[in-house]
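Data from run.csv: CSV, C-alpha atoms
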```
chain,number,residue,atom,x,y,z
V,1,MET,CA,10.7,13.5,-21.3
V,2,LYS,CA,9.5,10.0,-20.6
V,3,ALA,CA,8.2,9.1,-17.2
V,4,VAL,CA,6.4,6.1,-15.6
V,5,ILE,CA,3.5,6.5,-13.2
V,6,ASP,CA,2.5,3.9,-10.6
V,7,THR,CA,-1.0,2.8,-9.5
V,8,GLY,CA,-0.9,4.6,-6.2
V,9,THR,CA,-0.1,8.0,-7.8
V,10,MET,CA,-2.9,7.6,-10.4
V,11,ILE,CA,-5.3,6.7,-7.5
V,12,THR,CA,-4.2,9.7,-5.5
V,13,LEU,CA,-4.7,12.1,-8.4
V,14,SER,CA,-8.1,10.7,-9.3
V,15,GLY,CA,-9.1,10.6,-5.6
V,16,THR,CA,-8.2,14.3,-5.2
V,17,CYS,CA,-10.3,15.1,-8.3
V,18,LEU,CA,-7.2,16.8,-9.8
V,19,MET,CA,-7.2,15.0,-13.1
V,20,ASN,CA,-7.6,18.2,-15.2
V,21,VAL,CA,-4.6,19.7,-13.4
V,22,PHE,CA,-2.7,16.4,-14.0
V,23,ARG,CA,-3.6,16.5,-17.7
V,24,GLU,CA,-2.4,20.1,-18.1
V,25,PHE,CA,0.8,19.3,-16.1
V,26,VAL,CA,1.6,16.4,-18.5
V,27,ARG,CA,0.9,18.5,-21.6
V,28,HIS,CA,2.6,21.7,-20.4
V,29,ASN,CA,5.8,19.9,-19.5
V,30,LYS,CA,5.7,17.6,-22.6
V,31,ILE,CA,5.9,14.5,-20.5
V,32,GLU,CA,5.3,11.2,-22.3
V,33,LEU,CA,3.7,9.3,-19.4
V,34,LEU,CA,3.8,5.5,-19.4
V,35,ILE,CA,1.7,3.2,-17.3
V,36,SER,CA,2.1,-0.6,-17.1
V,37,SER,CA,-0.7,-2.9,-18.1
V,38,THR,CA,-0.7,-4.3,-14.6
V,39,VAL,CA,-1.2,-0.7,-13.2
V,40,ALA,CA,-4.0,-0.2,-15.7
V,41,GLU,CA,-5.6,-3.5,-14.5
V,42,GLU,CA,-5.2,-2.5,-10.8
V,43,SER,CA,-6.3,1.1,-11.2
V,44,VAL,CA,-9.0,0.9,-13.9
V,45,TRP,CA,-10.4,-2.4,-14.9
V,46,LYS,CA,-10.7,-4.1,-11.5
V,47,PRO,CA,-12.1,-1.1,-9.6
V,48,LEU,CA,-14.7,-0.3,-12.3
V,49,SER,CA,-16.6,-3.2,-10.8
V,50,ASN,CA,-16.3,-1.8,-7.3
V,51,LYS,CA,-19.0,0.8,-6.6
V,52,ARG,CA,-16.8,2.6,-4.1
V,53,PHE,CA,-14.0,3.2,-6.5
V,54,ALA,CA,-15.7,3.1,-9.9
V,55,LEU,CA,-15.8,6.9,-10.4
V,56,ASN,CA,-12.0,7.2,-9.6
V,57,ALA,CA,-11.4,4.3,-12.0
V,58,ALA,CA,-13.5,6.0,-14.7
V,59,ARG,CA,-11.5,9.2,-14.3
V,60,ILE,CA,-8.3,7.3,-14.9
V,61,LYS,CA,-9.9,5.4,-17.9
V,62,TYR,CA,-10.8,8.8,-19.4
V,63,ALA,CA,-7.1,10.0,-18.9
V,64,MET,CA,-6.0,6.9,-20.8
V,65,SER,CA,-8.5,7.6,-23.6
V,66,GLN,CA,-7.2,11.2,-23.8
V,67,GLN,CA,-3.7,9.8,-24.2
V,68,THR,CA,-2.6,11.7,-21.0
V,69,VAL,CA,-1.1,8.3,-20.1
V,70,LYS,CA,0.0,5.6,-22.4
V,71,VAL,CA,-0.5,1.9,-21.5
V,72,ILE,CA,2.5,-0.3,-22.2
V,73,PRO,CA,1.6,-3.9,-22.8
V,74,LEU,CA,3.6,-6.6,-20.9
V,75,GLY,CA,6.0,-7.9,-23.5
V,76,ALA,CA,8.7,-10.6,-23.1
V,77,ASP,CA,11.4,-7.9,-22.5
V,78,ILE,CA,9.5,-6.2,-19.8
V,79,ALA,CA,8.5,-9.5,-18.2
V,80,ASN,CA,12.1,-10.7,-18.1
V,81,LEU,CA,13.4,-7.5,-16.5
V,82,GLN,CA,10.4,-7.4,-14.1
V,83,GLU,CA,11.4,-10.8,-12.9
V,84,LYS,CA,15.0,-9.7,-12.5
V,85,VAL,CA,13.9,-6.6,-10.5
V,86,MET,CA,11.7,-8.7,-8.2
V,87,ARG,CA,14.5,-11.2,-7.7
V,88,LEU,CA,17.0,-8.5,-6.8
V,89,ALA,CA,14.6,-6.3,-4.7
V,90,ASN,CA,13.2,-9.3,-2.8
V,91,ASN,CA,16.6,-10.7,-2.1
V,92,SER,CA,18.3,-7.5,-0.9
V,93,PHE,CA,17.1,-7.4,2.8
V,94,PHE,CA,17.2,-10.2,5.2
V,95,THR,CA,16.2,-11.0,8.8
V,96,ASN,CA,17.0,-14.2,10.6
V,97,ASP,CA,13.7,-15.5,9.1
V,98,GLY,CA,15.0,-15.1,5.6
V,99,ALA,CA,14.6,-12.7,2.7
V,100,LEU,CA,12.1,-9.9,3.1
V,101,LYS,CA,9.7,-9.7,0.1
V,102,ILE,CA,9.2,-6.0,0.0
V,103,ILE,CA,7.8,-5.4,-3.5
V,104,GLN,CA,5.2,-6.9,-5.8
V,105,ALA,CA,5.0,-7.6,-9.5
V,106,GLY,CA,3.2,-4.4,-10.4
V,107,GLU,CA,6.0,-2.2,-8.9
V,108,ALA,CA,8.7,-4.3,-10.5
V,109,GLU,CA,6.9,-4.0,-13.9
V,110,ALA,CA,6.7,-0.2,-13.5
V,111,LEU,CA,10.5,-0.1,-12.8
V,112,ALA,CA,11.2,-2.5,-15.8
V,113,ILE,CA,9.2,-0.2,-18.1
V,114,ALA,CA,11.2,2.8,-16.8
V,115,LYS,CA,14.4,1.0,-17.7
V,116,ILE,CA,13.4,-0.3,-21.1
V,117,HIS,CA,11.9,3.0,-22.2
V,118,ASN,CA,14.7,5.0,-20.8
V,119,ALA,CA,12.4,7.0,-18.6
V,120,LYS,CA,14.0,9.8,-16.5
V,121,ALA,CA,11.3,10.0,-13.9
V,122,MET,CA,8.9,7.8,-12.0
V,123,PHE,CA,5.8,9.1,-10.1
V,124,ILE,CA,5.3,6.8,-7.1
V,125,ASP,CA,3.5,7.7,-3.9
V,126,GLU,CA,4.4,4.8,-1.8
V,127,ARG,CA,7.5,4.9,0.3
V,128,THR,CA,9.1,1.4,0.0
V,129,THR,CA,9.8,1.2,-3.7
V,130,ARG,CA,10.9,4.9,-3.8
V,131,SER,CA,13.4,4.3,-0.9
V,132,LEU,CA,14.7,1.1,-2.5
V,133,ILE,CA,15.8,3.2,-5.5
V,134,GLU,CA,16.7,6.5,-3.8
V,135,ASN,CA,18.4,5.3,-0.6
V,136,PRO,CA,18.4,1.5,0.1
V,137,MET,CA,20.5,2.0,3.3
V,138,ARG,CA,17.8,4.3,4.6
V,139,LEU,CA,15.2,1.6,3.8
V,140,LYS,CA,17.3,-0.9,5.8
V,141,GLN,CA,17.2,1.5,8.8
V,142,VAL,CA,13.5,1.9,8.4
V,143,LEU,CA,13.0,-1.9,8.2
V,144,GLU,CA,15.1,-2.5,11.3
V,145,ARG,CA,13.3,0.1,13.3
V,146,ARG,CA,9.9,-1.0,12.2
V,147,GLN,CA,10.5,-4.7,12.6
V,148,ASP,CA,12.7,-4.3,15.7
V,149,LYS,CA,15.1,-6.9,14.3
V,150,GLU,CA,18.5,-6.8,12.7
V,151,VAL,CA,18.3,-6.5,9.0
V,152,THR,CA,21.2,-7.6,6.8
V,153,THR,CA,21.7,-6.7,3.2
V,154,ASN,CA,22.9,-8.3,0.0
V,155,LYS,CA,25.3,-5.5,-1.2
V,156,GLN,CA,25.7,-7.0,-4.6
V,157,ASN,CA,21.9,-7.0,-5.3
V,158,ILE,CA,21.5,-3.5,-3.9
V,159,ASP,CA,24.4,-2.2,-6.0
V,160,LEU,CA,22.9,-3.9,-9.1
V,161,MET,CA,19.6,-2.2,-8.5
V,162,LYS,CA,21.3,1.1,-7.9
V,163,SER,CA,23.3,0.9,-11.1
V,164,MET,CA,20.2,-0.2,-13.1
V,165,PHE,CA,18.2,2.8,-12.0
V,166,SER,CA,21.0,5.3,-11.3
V,167,GLU,CA,19.4,7.9,-13.6
V,168,LEU,CA,15.8,7.5,-12.6
V,169,LYS,CA,14.4,10.2,-10.4
V,170,MET,CA,11.4,9.6,-8.1
V,171,PHE,CA,8.5,12.0,-7.5
V,172,ARG,CA,5.2,11.9,-5.7
V,173,SER,CA,1.7,13.2,-6.4
V,174,VAL,CA,2.4,16.1,-4.0
V,175,ASP,CA,5.5,17.1,-5.9
V,176,LEU,CA,3.4,17.1,-9.1
V,177,ILE,CA,0.6,19.1,-7.5
V,178,ALA,CA,2.9,21.7,-6.0
V,179,MET,CA,4.8,22.1,-9.3
V,180,ALA,CA,1.6,22.5,-11.2
V,181,TYR,CA,0.7,25.3,-8.8
V,182,GLU,CA,4.0,27.0,-9.4
V,183,GLN,CA,3.4,26.7,-13.1
V,184,ASN,CA,-0.1,28.3,-12.8
V,185,LEU,CA,-1.8,25.1,-13.9
V,186,PHE,CA,-4.5,25.1,-11.2
V,187,ASP,CA,-6.7,27.3,-13.4
V,188,HIS,CA,-8.1,24.3,-15.1
V,189,GLU,CA,-9.7,23.1,-12.0
V,190,LEU,CA,-9.3,25.5,-9.1
V,191,ASN,CA,-8.5,29.1,-8.2
V,192,HIS,CA,-4.8,30.0,-7.8
V,193,THR,CA,-4.5,30.7,-4.1
V,194,LYS,CA,-2.9,29.2,-1.0
V,195,LEU,CA,-6.2,27.8,0.1
V,196,GLU,CA,-6.5,25.5,-3.0
V,197,LEU,CA,-2.8,24.5,-2.9
V,198,GLU,CA,-2.9,23.6,0.8
V,199,ALA,CA,-6.2,21.7,0.4
V,200,ALA,CA,-4.9,19.8,-2.6
V,201,LEU,CA,-1.7,18.8,-0.8
V,202,TRP,CA,-3.6,17.6,2.2
V,203,SER,CA,-6.1,15.8,0.1
V,204,ALA,CA,-3.2,13.9,-1.6
V,205,LYS,CA,-1.8,13.0,1.8
V,206,PHE,CA,-5.3,11.7,2.9
V,207,ASN,CA,-5.5,9.7,-0.3
V,208,GLY,CA,-2.4,7.8,0.6
V,209,CYS,CA,0.6,9.8,-0.7
V,210,ALA,CA,3.6,9.3,1.7
V,211,VAL,CA,4.1,12.9,2.8
V,212,SER,CA,4.3,14.3,6.3
V,213,GLU,CA,2.5,17.2,7.8
V,214,ASN,CA,5.9,18.9,8.4
V,215,GLU,CA,6.8,18.6,4.8
V,216,ILE,CA,3.6,20.2,3.6
V,217,GLU,CA,4.0,23.0,6.1
V,218,ALA,CA,7.6,23.6,5.3
V,219,TYR,CA,6.8,23.8,1.6
V,220,LEU,CA,4.0,26.3,2.1
V,221,LYS,CA,6.2,28.4,4.3
V,222,ALA,CA,9.3,28.3,2.1
V,223,TYR,CA,7.4,29.0,-1.1
V,224,ARG,CA,5.5,31.9,0.6
V,225,VAL,CA,2.3,30.9,-1.1
V,226,GLU,CA,-0.2,33.7,-1.1
F,1,MET,CA,8.5,-18.2,15.4
F,2,LYS,CA,5.8,-20.5,16.6
F,3,PRO,CA,4.3,-23.1,14.3
F,4,LEU,CA,0.9,-22.3,12.8
F,5,SER,CA,-0.9,-25.1,14.8
F,6,TYR,CA,0.3,-23.4,18.0
F,7,ASP,CA,-1.0,-20.0,16.8
F,8,ILE,CA,-4.4,-21.6,15.9
F,9,GLU,CA,-4.6,-23.1,19.4
F,10,GLU,CA,-3.9,-19.7,20.9
F,11,ALA,CA,-6.5,-18.1,18.7
F,12,LYS,CA,-9.1,-20.7,19.8
F,13,LYS,CA,-8.3,-20.3,23.4
F,14,LEU,CA,-8.4,-16.5,23.5
F,15,PHE,CA,-11.6,-16.4,21.4
F,16,ASP,CA,-13.2,-19.0,23.7
F,17,LYS,CA,-12.2,-17.1,26.8
F,18,LYS,CA,-13.2,-13.7,25.4
F,19,GLN,CA,-9.7,-12.3,25.9
F,20,VAL,CA,-10.3,-9.7,23.1
F,21,MET,CA,-7.2,-7.6,23.6
F,22,ASP,CA,-4.9,-10.6,23.6
F,23,LEU,CA,-6.7,-11.9,20.5
F,24,ARG,CA,-5.9,-8.6,18.8
F,25,GLY,CA,-2.3,-8.8,20.0
F,26,LEU,CA,-2.0,-12.3,18.6
F,27,GLY,CA,-3.5,-11.1,15.3
F,28,ASN,CA,-0.8,-8.3,15.2
F,29,ARG,CA,2.0,-10.8,16.0
F,30,LEU,CA,0.8,-13.1,13.2
F,31,ILE,CA,0.9,-10.2,10.7
F,32,ARG,CA,4.4,-9.3,11.8
F,33,GLU,CA,5.6,-12.8,11.3
F,34,ALA,CA,3.7,-13.2,8.0
F,35,ALA,CA,5.4,-10.0,6.8
F,36,PHE,CA,8.8,-11.4,7.7
F,37,LYS,CA,8.2,-14.8,6.0
F,38,ASN,CA,5.7,-13.8,3.3
F,39,ASP,CA,3.5,-16.5,5.0
F,40,TYR,CA,-0.1,-16.2,3.6
F,41,ALA,CA,-1.6,-18.7,6.1
F,42,LYS,CA,-0.3,-16.8,9.1
F,43,ALA,CA,-1.5,-13.6,7.5
F,44,GLU,CA,-5.0,-15.1,7.0
F,45,LEU,CA,-5.1,-16.2,10.6
F,46,GLY,CA,-3.9,-12.7,11.7
F,47,VAL,CA,-6.9,-11.2,9.8
F,48,ILE,CA,-9.3,-13.8,11.4
F,49,CYS,CA,-8.0,-13.0,14.9
F,50,TYR,CA,-8.5,-9.3,14.3
F,51,ALA,CA,-12.0,-9.8,13.0
F,52,LEU,CA,-12.9,-12.1,15.9
F,53,HIS,CA,-11.6,-9.6,18.4
F,54,LYS,CA,-13.8,-7.0,16.8
F,55,MET,CA,-16.9,-9.2,16.9
F,56,GLU,CA,-16.3,-10.3,20.4
F,57,SER,CA,-16.0,-6.7,21.6
F,58,LYS,CA,-19.4,-5.6,20.0
F,59,SER,CA,-22.4,-6.0,22.2
F,60,HIS,CA,-24.8,-6.4,19.2
F,61,PHE,CA,-23.0,-9.6,18.3
F,62,ILE,CA,-22.4,-11.1,21.7
F,63,SER,CA,-25.9,-10.3,23.1
F,64,ASN,CA,-27.6,-12.0,20.2
F,65,PRO,CA,-29.2,-15.3,21.3
F,66,ASN,CA,-27.5,-17.1,18.4
F,67,TRP,CA,-24.0,-15.9,19.3
F,68,HIS,CA,-23.1,-19.0,21.3
F,69,LYS,CA,-24.0,-21.3,18.4
F,70,ILE,CA,-22.0,-19.2,16.0
F,71,LYS,CA,-19.1,-19.1,18.2
F,72,GLU,CA,-19.2,-22.9,18.5
F,73,ALA,CA,-19.1,-23.2,14.7
F,74,ILE,CA,-16.1,-20.8,14.4
F,75,LEU,CA,-14.2,-22.8,17.1
F,76,THR,CA,-15.0,-26.1,15.3
F,77,SER,CA,-13.6,-24.8,12.0
F,78,LEU,CA,-10.5,-23.4,13.8
F,79,LEU,CA,-10.0,-26.9,15.4
F,80,GLU,CA,-10.2,-28.4,11.9
F,81,ALA,CA,-7.6,-25.9,10.8
F,82,GLN,CA,-5.4,-26.7,13.7
F,83,ASN,CA,-5.5,-30.5,12.9
F,84,ALA,CA,-4.8,-29.8,9.3
F,85,ALA,CA,-1.8,-27.6,10.3
F,86,GLN,CA,-0.5,-30.4,12.6
F,87,ASN,CA,-0.8,-32.9,9.8
F,88,GLU,CA,0.8,-30.5,7.3
F,89,ASN,CA,-2.2,-30.8,5.1
F,90,ALA,CA,-2.2,-27.5,3.3
F,91,LYS,CA,-5.4,-28.1,1.3
F,92,GLU,CA,-7.4,-28.9,4.4
F,93,LEU,CA,-5.9,-26.1,6.3
F,94,LEU,CA,-6.9,-23.6,3.6
F,95,GLN,CA,-10.4,-25.1,3.5
F,96,ALA,CA,-10.8,-24.9,7.2
F,97,LEU,CA,-9.6,-21.2,7.3
F,98,LYS,CA,-12.0,-20.4,4.4
F,99,THR,CA,-14.9,-22.1,6.4
F,100,THR,CA,-14.0,-19.9,9.4
F,101,ILE,CA,-14.1,-16.8,7.2
F,102,LYS,CA,-17.4,-17.9,5.8
F,103,HIS,CA,-18.8,-18.2,9.3
F,104,ILE,CA,-17.5,-14.7,10.2
F,105,ASN,CA,-19.0,-13.2,7.0
F,106,ARG,CA,-22.3,-14.9,7.5
F,107,VAL,CA,-22.8,-13.7,11.1
F,108,ASP,CA,-21.6,-10.3,10.1
F,109,ASN,CA,-24.2,-10.1,7.3
F,110,GLU,CA,-26.9,-11.2,9.7
F,111,LEU,CA,-26.0,-9.2,12.8
F,112,GLY,CA,-23.6,-6.5,11.6
F,113,ASN,CA,-24.5,-2.8,11.5
F,114,TYR,CA,-22.2,-1.6,8.7
F,115,ALA,CA,-22.2,-1.9,4.9
F,116,GLN,CA,-18.6,-2.8,4.8
F,117,ASN,CA,-18.1,-6.1,6.6
F,118,ILE,CA,-15.8,-6.8,9.5
F,119,TYR,CA,-13.6,-9.2,7.6
F,120,GLU,CA,-13.0,-6.8,4.7
F,121,LYS,CA,-12.1,-4.0,7.2
F,122,ALA,CA,-9.8,-6.4,9.1
F,123,LYS,CA,-8.0,-7.2,5.9
F,124,VAL,CA,-7.3,-3.5,5.3
F,125,LYS,CA,-6.3,-2.9,8.9
F,126,GLN,CA,-3.9,-5.8,9.0
F,127,ALA,CA,-2.4,-4.9,5.6
F,128,SER,CA,-1.7,-1.4,6.9
F,129,LEU,CA,0.1,-3.1,9.8
F,130,ALA,CA,2.2,-5.2,7.3
F,131,TYR,CA,3.0,-1.9,5.4
F,132,SER,CA,4.2,-0.4,8.7
F,133,TYR,CA,6.8,-3.2,8.8
F,134,GLY,CA,8.3,-2.0,5.6
F,135,LEU,CA,6.4,-3.9,2.8
F,136,SER,CA,5.2,-1.9,-0.1
F,137,ILE,CA,1.4,-1.2,-0.2
F,138,ALA,CA,0.9,-3.7,-3.0
F,139,GLN,CA,2.9,-6.4,-1.2
F,140,ALA,CA,1.1,-5.7,2.1
F,141,SER,CA,-2.3,-5.8,0.4
F,142,SER,CA,-1.5,-9.0,-1.4
F,143,LEU,CA,-0.5,-10.6,1.9
F,144,THR,CA,-3.9,-10.1,3.5
F,145,GLY,CA,-6.0,-10.1,0.3
F,146,ALA,CA,-7.0,-6.4,0.9
F,147,ASP,CA,-7.9,-4.0,-1.9
F,148,THR,CA,-4.8,-1.8,-2.6
F,149,LYS,CA,-6.9,1.4,-2.9
F,150,GLU,CA,-8.6,0.7,0.4
F,151,VAL,CA,-5.2,0.2,2.1
F,152,GLN,CA,-3.7,3.3,0.5
F,153,ASN,CA,-6.7,5.3,1.6
F,154,TYR,CA,-6.5,3.9,5.1
F,155,ILE,CA,-2.8,4.6,5.4
F,156,GLY,CA,-3.4,8.2,4.2
F,157,PHE,CA,-5.5,8.8,7.3
F,158,THR,CA,-2.9,7.4,9.7
F,159,THR,CA,0.2,9.1,11.0
F,160,MET,CA,2.5,6.5,9.4
F,161,PRO,CA,3.8,8.9,6.7
F,162,ASP,CA,4.7,11.4,9.4
F,163,GLU,CA,6.9,8.9,11.3
F,164,GLU,CA,9.6,8.5,8.7
F,165,PRO,CA,11.0,11.8,7.3
F,166,GLU,CA,11.5,11.9,3.6
F,167,ILE,CA,14.9,11.9,2.0
F,168,LYS,CA,14.1,15.0,-0.1
F,169,THR,CA,11.7,17.9,0.5
F,170,ILE,CA,8.9,18.9,-1.9
F,171,ALA,CA,10.9,21.9,-3.0
F,172,GLN,CA,14.0,19.7,-3.7
F,173,ARG,CA,11.9,17.3,-5.8
F,174,ILE,CA,10.3,20.1,-7.7
F,175,LYS,CA,13.7,21.6,-8.5
F,176,GLU,CA,14.8,18.2,-9.9
F,177,LEU,CA,11.6,17.7,-11.9
F,178,LYS,CA,11.9,21.2,-13.4
F,179,GLU,CA,15.4,20.4,-14.4
F,180,LEU,CA,14.3,17.2,-16.1
F,181,VAL,CA,11.5,18.9,-18.1
F,182,GLY,CA,13.6,21.9,-18.9
F,183,ALA,CA,11.4,24.3,-16.9
F,184,VAL,CA,14.1,25.9,-14.9
F,185,GLN,CA,14.1,29.7,-15.3
```

Target encoding structure tokens, full file:
Amino acid sequence: MKAVIDTGTMITLSGTCLMNVFREFVRHNKIELLISSTVAEESVWKPLSNKRFALNAARIKYAMSQQTVKVIPLGADIANLQEKVMRLANNSFFTNDGALKIIQAGEAEALAIAKIHNAKAMFIDERTTRSLIENPMRLKQVLERRQDKEVTTNKQNIDLMKSMFSELKMFRSVDLIAMAYEQNLFDHELNHTKLELEAALWSAKFNGCAVSENEIEAYLKAYRVE
Amino acid sequence: MKPLSYDIEEAKKLFDKKQVMDLRGLGNRLIREAAFKNDYAKAELGVICYALHKMESKSHFISNPNWHKIKEAILTSLLEAQNAAQNENAKELLQALKTTIKHINRVDNELGNYAQNIYEKAKVKQASLAYSYGLSIAQASSLTGADTKEVQNYIGFTTMPDEEPEIKTIAQRIKELKELVGAVQ
């Protein structure tokens, strides 16, 4: 199965030091994992010069060299679709001040790659892009509540986005970590007990994955992790 | 929404009168407006206000004998920014805001106690605020010029992800992912 991974998820996984679990997860499930050249730039080449993030970046660089993830260069077809995605997404929600620019080129590029390469899954930790694809009306409610303003929508643009990505499923690093645990893939990095799983999920949250405390607790309880 | 020249005047006044909490409030309002309008100049002023509020509330800055002089220099560059905004001179406005930031960074390097400077922290803090208004992390980071990883990390330690319940649970997403990779038993 082909899947695309976003910068944030790569950063979370390298930040939680779970790159071995990640590699085994990708191999075990035979996932062809694609990453945009912009993501590579954001998560590897730029941070390598920043002492605080260089080790994380080096871990991601290693994953690329091991072919755990494959970098897709920005060709004309991707660039054209990226532009279309940005135009649609950033002209879907409006306040009385005008259109809300909610996503950036990197996220649009990742979505364009998913479409062009017929990917079935996208790993993305941040909430806005995920909500845009999964439930744009929910995103509208969130925007209204957060901004305390009426938000109107361009239904045509939202429907176009929806139909463009109707088969794309969204996942986060916590979903990947929990599934890796269920598949006994923690052995490559950690012991297989509740302590490690709980710690890994919390670490993903603290590294910026959009997941709530309730969600983590509910999962641990429902799965009856021992 | 107020014009930028009005906001700069407000920032000058509040900084001059040491009204630190109002200065912080102004910074937050500017980020909110910048997020609505994708207005980079307002966002920059929002970060400046937050950084100035931080400095003005720290005794090791304000008790320094040079603080008065530094403050004068910051107020002068803000006045230049205000004039440029009134004359709709984008180039001069940008230059004056950059000069203000340079003053902030210089004084922080000389008098600050932390390795990460106040202005960099302010960019991250204000980007997280823009994110809370619904922008993606990348878009919010770009607005204030903050590092995406720093912003993601900062947000991870806040309660923001706890405030909006997710559409699907972890278990539901795992089920979908297992179906996709053919790992369903």

Task: Closest of F:Leu79, F:Ala127, F:Ala73, F:Val107 to Gly46 in chain F - atom-to-atom distances counting all atoms listed in the file - done: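 Of F:Leu79, F:Ala127, F:Ala73, F:Val107, the one nearest Gly46 in chain F is F:Ala127, counting all atoms listed in the file.
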
Open item on the list: Can you tell me which residues surround Glu182 in chain V at a distance of at most 10 Å, considering all atoms listed in the file, apart from same-chain residues fewer than 6 positions away, and format the answer as number ranges by chain?
Closed with: V: 176, 192, 197, 223, 225; F: 174

Open item on the list: Need the shell around Leu94 in chain F: protein/DNA/RNA residues with any atom at most 9 Å away, counting only C-alpha atoms. Skip same-chain ones fewer than 6 positions apart. Format as a list in words?
Closed with: Ala41, Ala81 and Ala84 of chain F

TODO: Kindly give the distance, in Å, that separates CA of Lys115 in chain V and CA of Ser142 in chain F, rounded to a single decimal.
DONE: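 Atom-to-atom, CA of Lys115 in chain V and CA of Ser142 in chain F are spaced 24.9 Å apart.
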
- [ ] Identify which of the residues F:Arg32, F:Lys149, F:Lys168, F:His60 lies closest to Ser132 in chain F, counting only C-alpha atoms when measuring atom-to-atom distances.
- [x] F:Arg32

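Remark: for chain F, the closest of the candidate residues V:Val21, V:Ala99, V:Leu111, V:Ala63 is V:Ala99 (distances computed over all atoms listed in the file).
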
Task: chain F residues near chain V (7 Å cut-off, only C-alpha atoms) as JSON, numbers by chain - done: {"F": [36, 37, 38, 132, 133, 134, 135, 136, 137, 138, 139, 152, 153, 155, 156, 157, 161, 162, 169, 170, 171, 173, 174, 181]}

Report as an mmCIF file with C-alpha atoms, in the coordinates of the input all protein, DNA and RNA residues lying within 12 Å of Ala90 in chain F, evaluated on only C-alpha atoms, omitting residues in the same chain fewer than 5 positions from it.
```cif
data_model
loop_
_atom_site.group_PDB
_atom_site.id
_atom_site.type_symbol
_atom_site.label_atom_id
_atom_site.label_comp_id
_atom_site.auth_asym_id
_atom_site.auth_seq_id
_atom_site.Cartn_x
_atom_site.Cartn_y
_atom_site.Cartn_z
ATOM 1 C CA LEU F 4 0.900 -22.300 12.800
ATOM 2 C CA SER F 5 -0.900 -25.100 14.800
ATOM 3 C CA TYR F 40 -0.100 -16.200 3.600
ATOM 4 C CA ALA F 41 -1.600 -18.700 6.100
ATOM 5 C CA GLU F 80 -10.200 -28.400 11.900
ATOM 6 C CA ALA F 81 -7.600 -25.900 10.800
ATOM 7 C CA GLN F 82 -5.400 -26.700 13.700
ATOM 8 C CA ASN F 83 -5.500 -30.500 12.900
ATOM 9 C CA ALA F 84 -4.800 -29.800 9.300
ATOM 10 C CA ALA F 85 -1.800 -27.600 10.300
ATOM 11 C CA GLN F 95 -10.400 -25.100 3.500
ATOM 12 C CA ALA F 96 -10.800 -24.900 7.200
ATOM 13 C CA LEU F 97 -9.600 -21.200 7.300
#
```

Task: Protein and nucleic acid residues near (20.9, -6.4, 3.1) (cut-off 7 Å, all atoms listed in the file) as a list in words - done: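 Residues close enough to count: Ser92, Phe93, Phe94, Val151, Thr152, Thr153, Asn154 and Lys155 of chain V.
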
- [ ] Considering all atoms listed in the file, state which residue in the set F:Glu166, F:Glu179, F:Glu56, F:Asp147 is at the smallest distance from Lys46 in chain V.
- [x]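 Distance minimum relative to Lys46 in chain V lands on F:Asp147.
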
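Across the model, the gap from CA of Lys91 in chain F to CA of Phe15 in chain F is 24.1 Å.
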
- [ ] Quote the spacing between CA of Gly145 in chain F and CA of Lys121 in chain F in Å to one decimal place.
- [x]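 Atom-to-atom, CA of Gly145 in chain F and CA of Lys121 in chain F are spaced 11.0 Å apart.
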
Open item on the list: Please determine, counting only C-alpha atoms, which residue among F:Lys42, F:Ala11, F:Leu111, F:Asn105 has the shortest atom-to-atom distance to Pro65 in chain F.
Closed with: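 Of all the options, F:Leu111 lies closest to Pro65 in chain F.
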